[in-house]
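**Q** If it helps, the file is called work-v3.txt and holds compact mmCIF, C-alpha atoms and all ligand atoms:
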```
# COMPACT_ATOMS: atom_id res chain seq x y z
CA MET A 27 39.86 45.11 57.51
CA GLY A 28 37.31 46.08 60.15
CA GLN A 29 33.99 44.51 59.15
CA GLN A 30 35.21 43.80 55.63
CA GLU A 31 36.58 40.36 54.91
CA LEU A 32 39.28 40.17 52.29
CA LYS A 33 39.88 36.83 50.59
CA VAL A 34 43.55 36.26 49.75
CA LEU A 35 45.12 33.02 48.43
CA LYS A 36 41.98 31.62 46.80
CA GLY A 37 42.60 28.18 45.28
CA VAL A 38 46.32 28.16 45.95
CA SER A 39 47.67 24.62 45.82
CA LEU A 40 51.29 23.53 45.77
CA ASP A 41 53.69 20.84 46.90
CA ILE A 42 57.24 21.58 47.93
CA HIS A 43 59.52 18.58 48.25
CA LYS A 44 62.62 18.02 50.35
CA ASN A 45 65.73 19.82 49.03
CA GLU A 46 63.65 21.82 46.56
CA TYR A 47 64.43 25.52 46.21
CA VAL A 48 61.30 27.54 45.52
CA SER A 49 60.77 31.25 45.02
CA LEU A 50 57.40 32.98 45.24
CA MET A 51 56.84 35.73 42.71
CA GLY A 52 53.87 37.98 42.12
CA PRO A 53 52.82 41.62 42.02
CA SER A 54 52.47 43.66 45.18
CA GLY A 55 49.30 42.67 47.05
CA SER A 56 49.03 39.24 45.42
CA GLY A 57 49.51 37.44 48.76
CA LYS A 58 53.21 36.49 48.90
CA SER A 59 53.66 37.68 52.48
CA THR A 60 50.38 36.04 53.52
CA LEU A 61 51.53 32.73 52.06
CA MET A 62 55.00 33.06 53.61
CA ASN A 63 53.42 33.72 57.00
CA ILE A 64 51.38 30.54 56.65
CA LEU A 65 54.29 28.46 55.30
CA GLY A 66 56.48 29.74 58.15
CA CYS A 67 53.79 28.83 60.73
CA LEU A 68 53.48 32.44 61.85
CA ASP A 69 49.83 32.47 60.82
CA SER A 70 47.11 29.87 60.15
CA PRO A 71 44.82 29.71 57.15
CA THR A 72 41.08 30.28 57.76
CA ALA A 73 40.36 27.36 55.41
CA GLY A 74 42.29 24.67 53.61
CA LEU A 75 45.08 22.36 54.54
CA TYR A 76 48.78 22.84 55.18
CA ILE A 77 50.77 19.65 55.73
CA LEU A 78 54.32 20.33 56.88
CA ASN A 79 56.56 17.26 57.06
CA ASN A 80 53.55 14.88 57.40
CA GLN A 81 51.97 17.03 60.12
CA ASP A 82 48.74 18.98 59.64
CA VAL A 83 49.61 22.42 60.95
CA SER A 84 46.57 24.23 59.48
CA LYS A 85 44.54 24.34 62.66
CA MET A 86 47.29 24.65 65.24
CA HIS A 87 47.29 27.51 67.70
CA ASP A 88 50.12 29.75 68.89
CA ASN A 89 52.04 27.46 71.25
CA ALA A 90 51.90 24.43 68.96
CA LEU A 91 52.96 26.58 66.01
CA ALA A 92 55.87 27.96 68.05
CA GLU A 93 56.99 24.37 68.71
CA VAL A 94 56.78 23.53 64.98
CA ARG A 95 58.74 26.68 64.10
CA ASN A 96 61.43 25.70 66.57
CA GLN A 97 61.74 22.14 65.21
CA GLU A 98 61.05 22.53 61.48
CA ILE A 99 61.57 26.07 60.24
CA GLY A 100 64.52 28.35 59.64
CA PHE A 101 63.97 31.97 58.70
CA VAL A 102 66.49 34.17 56.95
CA PHE A 103 65.35 37.77 57.26
CA GLN A 104 66.48 40.74 55.16
CA GLN A 105 67.52 42.42 58.39
CA PHE A 106 69.72 40.04 60.35
CA ASN A 107 67.64 40.43 63.55
CA LEU A 108 70.67 39.59 65.68
CA LEU A 109 70.55 40.22 69.41
CA PRO A 110 73.31 42.78 70.07
CA ARG A 111 74.18 41.57 73.59
CA LEU A 112 74.97 38.04 72.32
CA THR A 113 78.03 36.87 70.41
CA ALA A 114 77.64 35.58 66.83
CA LEU A 115 77.83 31.97 68.09
CA GLU A 116 75.24 32.61 70.82
CA ASN A 117 72.91 34.21 68.27
CA VAL A 118 73.13 31.16 66.02
CA ALA A 119 72.79 28.78 68.98
CA LEU A 120 69.73 30.46 70.50
CA PRO A 121 67.11 28.21 68.79
CA LEU A 122 68.94 25.15 70.15
CA ILE A 123 68.66 26.54 73.66
CA TYR A 124 64.93 27.17 73.09
CA ALA A 125 64.72 23.56 71.87
CA GLY A 126 65.83 22.45 75.33
CA ILE A 127 69.49 21.60 74.69
CA PRO A 128 71.49 22.87 77.71
CA LYS A 129 73.62 25.94 76.93
CA LYS A 130 76.86 24.24 77.98
CA CYS A 131 76.22 21.44 75.47
CA VAL A 132 75.31 23.93 72.74
CA MET A 133 78.49 25.94 73.27
CA LYS A 134 80.56 22.73 73.17
CA LYS A 135 78.65 21.78 69.98
CA GLN A 136 77.43 18.57 71.62
CA TRP A 137 73.91 18.44 70.17
CA LYS A 138 73.13 15.06 71.67
CA CYS A 139 74.29 15.72 75.24
CA SER A 140 71.27 15.17 77.55
CA LYS A 141 68.20 17.07 76.34
CA LYS A 142 66.52 18.99 79.23
N1 LIG A 201 46.68 42.82 58.07
C1 LIG A 201 45.97 42.98 56.97
N2 LIG A 201 44.71 43.45 57.01
C2 LIG A 201 43.99 43.59 55.88
N3 LIG A 201 44.42 43.30 54.65
C3 LIG A 201 45.67 42.83 54.54
C4 LIG A 201 46.51 42.65 55.68
N4 LIG A 201 47.70 42.15 55.25
C5 LIG A 201 47.59 42.04 53.91
N5 LIG A 201 46.38 42.46 53.49
C6 LIG A 201 45.90 42.46 52.09
O1 LIG A 201 46.01 41.14 51.61
C7 LIG A 201 46.44 41.13 50.26
C8 LIG A 201 47.71 40.32 50.12
O2 LIG A 201 48.74 41.01 50.82
P1 LIG A 201 50.21 40.46 50.97
O3 LIG A 201 50.16 39.03 51.37
O4 LIG A 201 50.92 41.41 51.86
O5 LIG A 201 50.75 40.57 49.48
P2 LIG A 201 52.25 40.71 48.92
O6 LIG A 201 53.20 40.28 49.97
O7 LIG A 201 52.25 39.82 47.71
O8 LIG A 201 52.41 42.15 48.54
C9 LIG A 201 46.58 42.60 49.85
O9 LIG A 201 45.40 42.97 49.21
C10 LIG A 201 46.75 43.31 51.18
O10 LIG A 201 46.27 44.62 51.08
MG MG A 202 54.86 41.22 50.90
```
The structure in this file should be written as structure tokens.
Ligand SMILES: Nc1ncnc2c1ncn2[C@@H]1O[C@H](COP(=O)(O)OP(=O)(O)O)[C@@H](O)[C@H]1O
Ligand SMILES: [Mg+2]
**A**
Amino acid sequence: MGQQELKVLKGVSLDIHKNEYVSLMGPSGSGKSTLMNILGCLDSPTAGLYILNNQDVSKMHDNALAEVRNQEIGFVFQQFNLLPRLTALENVALPLIYAGIPKKCVMKKQWKCSKK
């Protein structure tokens, strides 16, 4: 906040295992959104370690984080954030196209058909 540094998420430590369902709860201002932004690789922590699927993502910058988001993360937003000019199938398929799978393969649901 301008010159003022605000410390959020002091001493937070947790492990989340495969297939675990976890909810974050806390009063307004306790840092839930900050933690979600870090967990979702939208933001990086100023200190500490975040290992996602055996990969240290704590010090990655924008492009590398975008790659990790594409490969590892799925977001479900309160608003659907659908693109109105695309069909429902195209909306769902969009991350696969960003991942380099040709559109014709995506639309035929052939995930393994020649990447790039
Ligand atoms: N962009 C920002 N600039 C300055 N302070 C922020 C910013 N975002 C959040 N904060 C502060 O960080 C703390 C944690 O906020 P946040 O992660 O949004 O909490 P929650 O989602 O649990 O309500 C709060 O004190 C909030 O005011
Ligand atoms: Mg919040």
**Q** Chain A near ligand MG 202 (chain A) within 9 Å: what's each residue's closest atom pair and its distance in Å to one decimal, counting all atoms listed in the file, ordered by chain then ascending residue number, as a tab-separated table?
**A**
```
residue	atom	partner	partner_atom	distance
A:Ser54	CA	A:MG202	MG	6.7
A:Gly55	CA	A:MG202	MG	6.9
A:Ser56	CA	A:MG202	MG	8.2
A:Gly57	CA	A:MG202	MG	6.9
A:Lys58	CA	A:MG202	MG	5.4
A:Ser59	CA	A:MG202	MG	4.1
A:Thr60	CA	A:MG202	MG	7.3
A:Met62	CA	A:MG202	MG	8.6
```
**Q** Determine, counting only C-alpha atoms, which protein, DNA and RNA residues have an atom within 8 Å of an atom of A:His87; residues of the same chain fewer than 3 positions away are not included. Present the result as a ChimeraX atom specification.
**A** /A:70,90-91
**Q** Report the centre and edge lengths, in Å to one decimal, of an axis-aligned box enclosing every atom of ligand LIG 201 (chain A) listed in the file, padded by 3 Å on each side, as AutoDock Vina command-line options.
**A**
```
--center_x 48.6 --center_y 41.8 --center_z 52.9 --size_x 15.2 --size_y 11.6 --size_z 16.4
```
**Q** When you look at stretch 34-42 of chain A with a cut-off of 12 Å (counting all atoms listed in the file), what residues show up, excluding the ones that are within fewer than 6 positions of it in the same chain? I need them as a list in words.
**A**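 Once the nearby chain positions are removed, what remains is Val48, Ser49, Leu50, Gly52, Gly55, Ser56, Gly57, Lys58, Ser59, Thr60, Leu61, Met62, Asn63, Ile64, Leu65, Pro71, Thr72, Ala73, Gly74, Leu75, Tyr76, Ile77, Leu78 and Asn79 of chain A.
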**Q** To one decimal place, how far is atom CA of A:Leu68 from atom CA of A:Arg95 in Å?
**A**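 Computing the Euclidean distance for atom CA of A:Leu68 and atom CA of A:Arg95 yields 8.1 Å.
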**Q** Suppose you want the space between atom CA of A:Met27 and atom C4 of ligand LIG 201 (chain A); what is it in Å?
**A** 7.3 Å
**Q** Between A:Met51, A:Asn45, A:Pro128, A:Ile99, single out the one closest to ligand LIG 201 (chain A), counting only C-alpha atoms and all ligand atoms.
**A**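 Of A:Met51, A:Asn45, A:Pro128, A:Ile99, the one nearest ligand LIG 201 (chain A), counting only C-alpha atoms and all ligand atoms, is A:Met51.
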**Q** Calculated over all atoms listed in the file, which of the candidates A:His43, A:Lys33, A:Lys85, A:Lys135 has the smallest distance to A:Glu116?
**A**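 Looking at the shortest contact to A:Glu116, the residue is A:Lys135.
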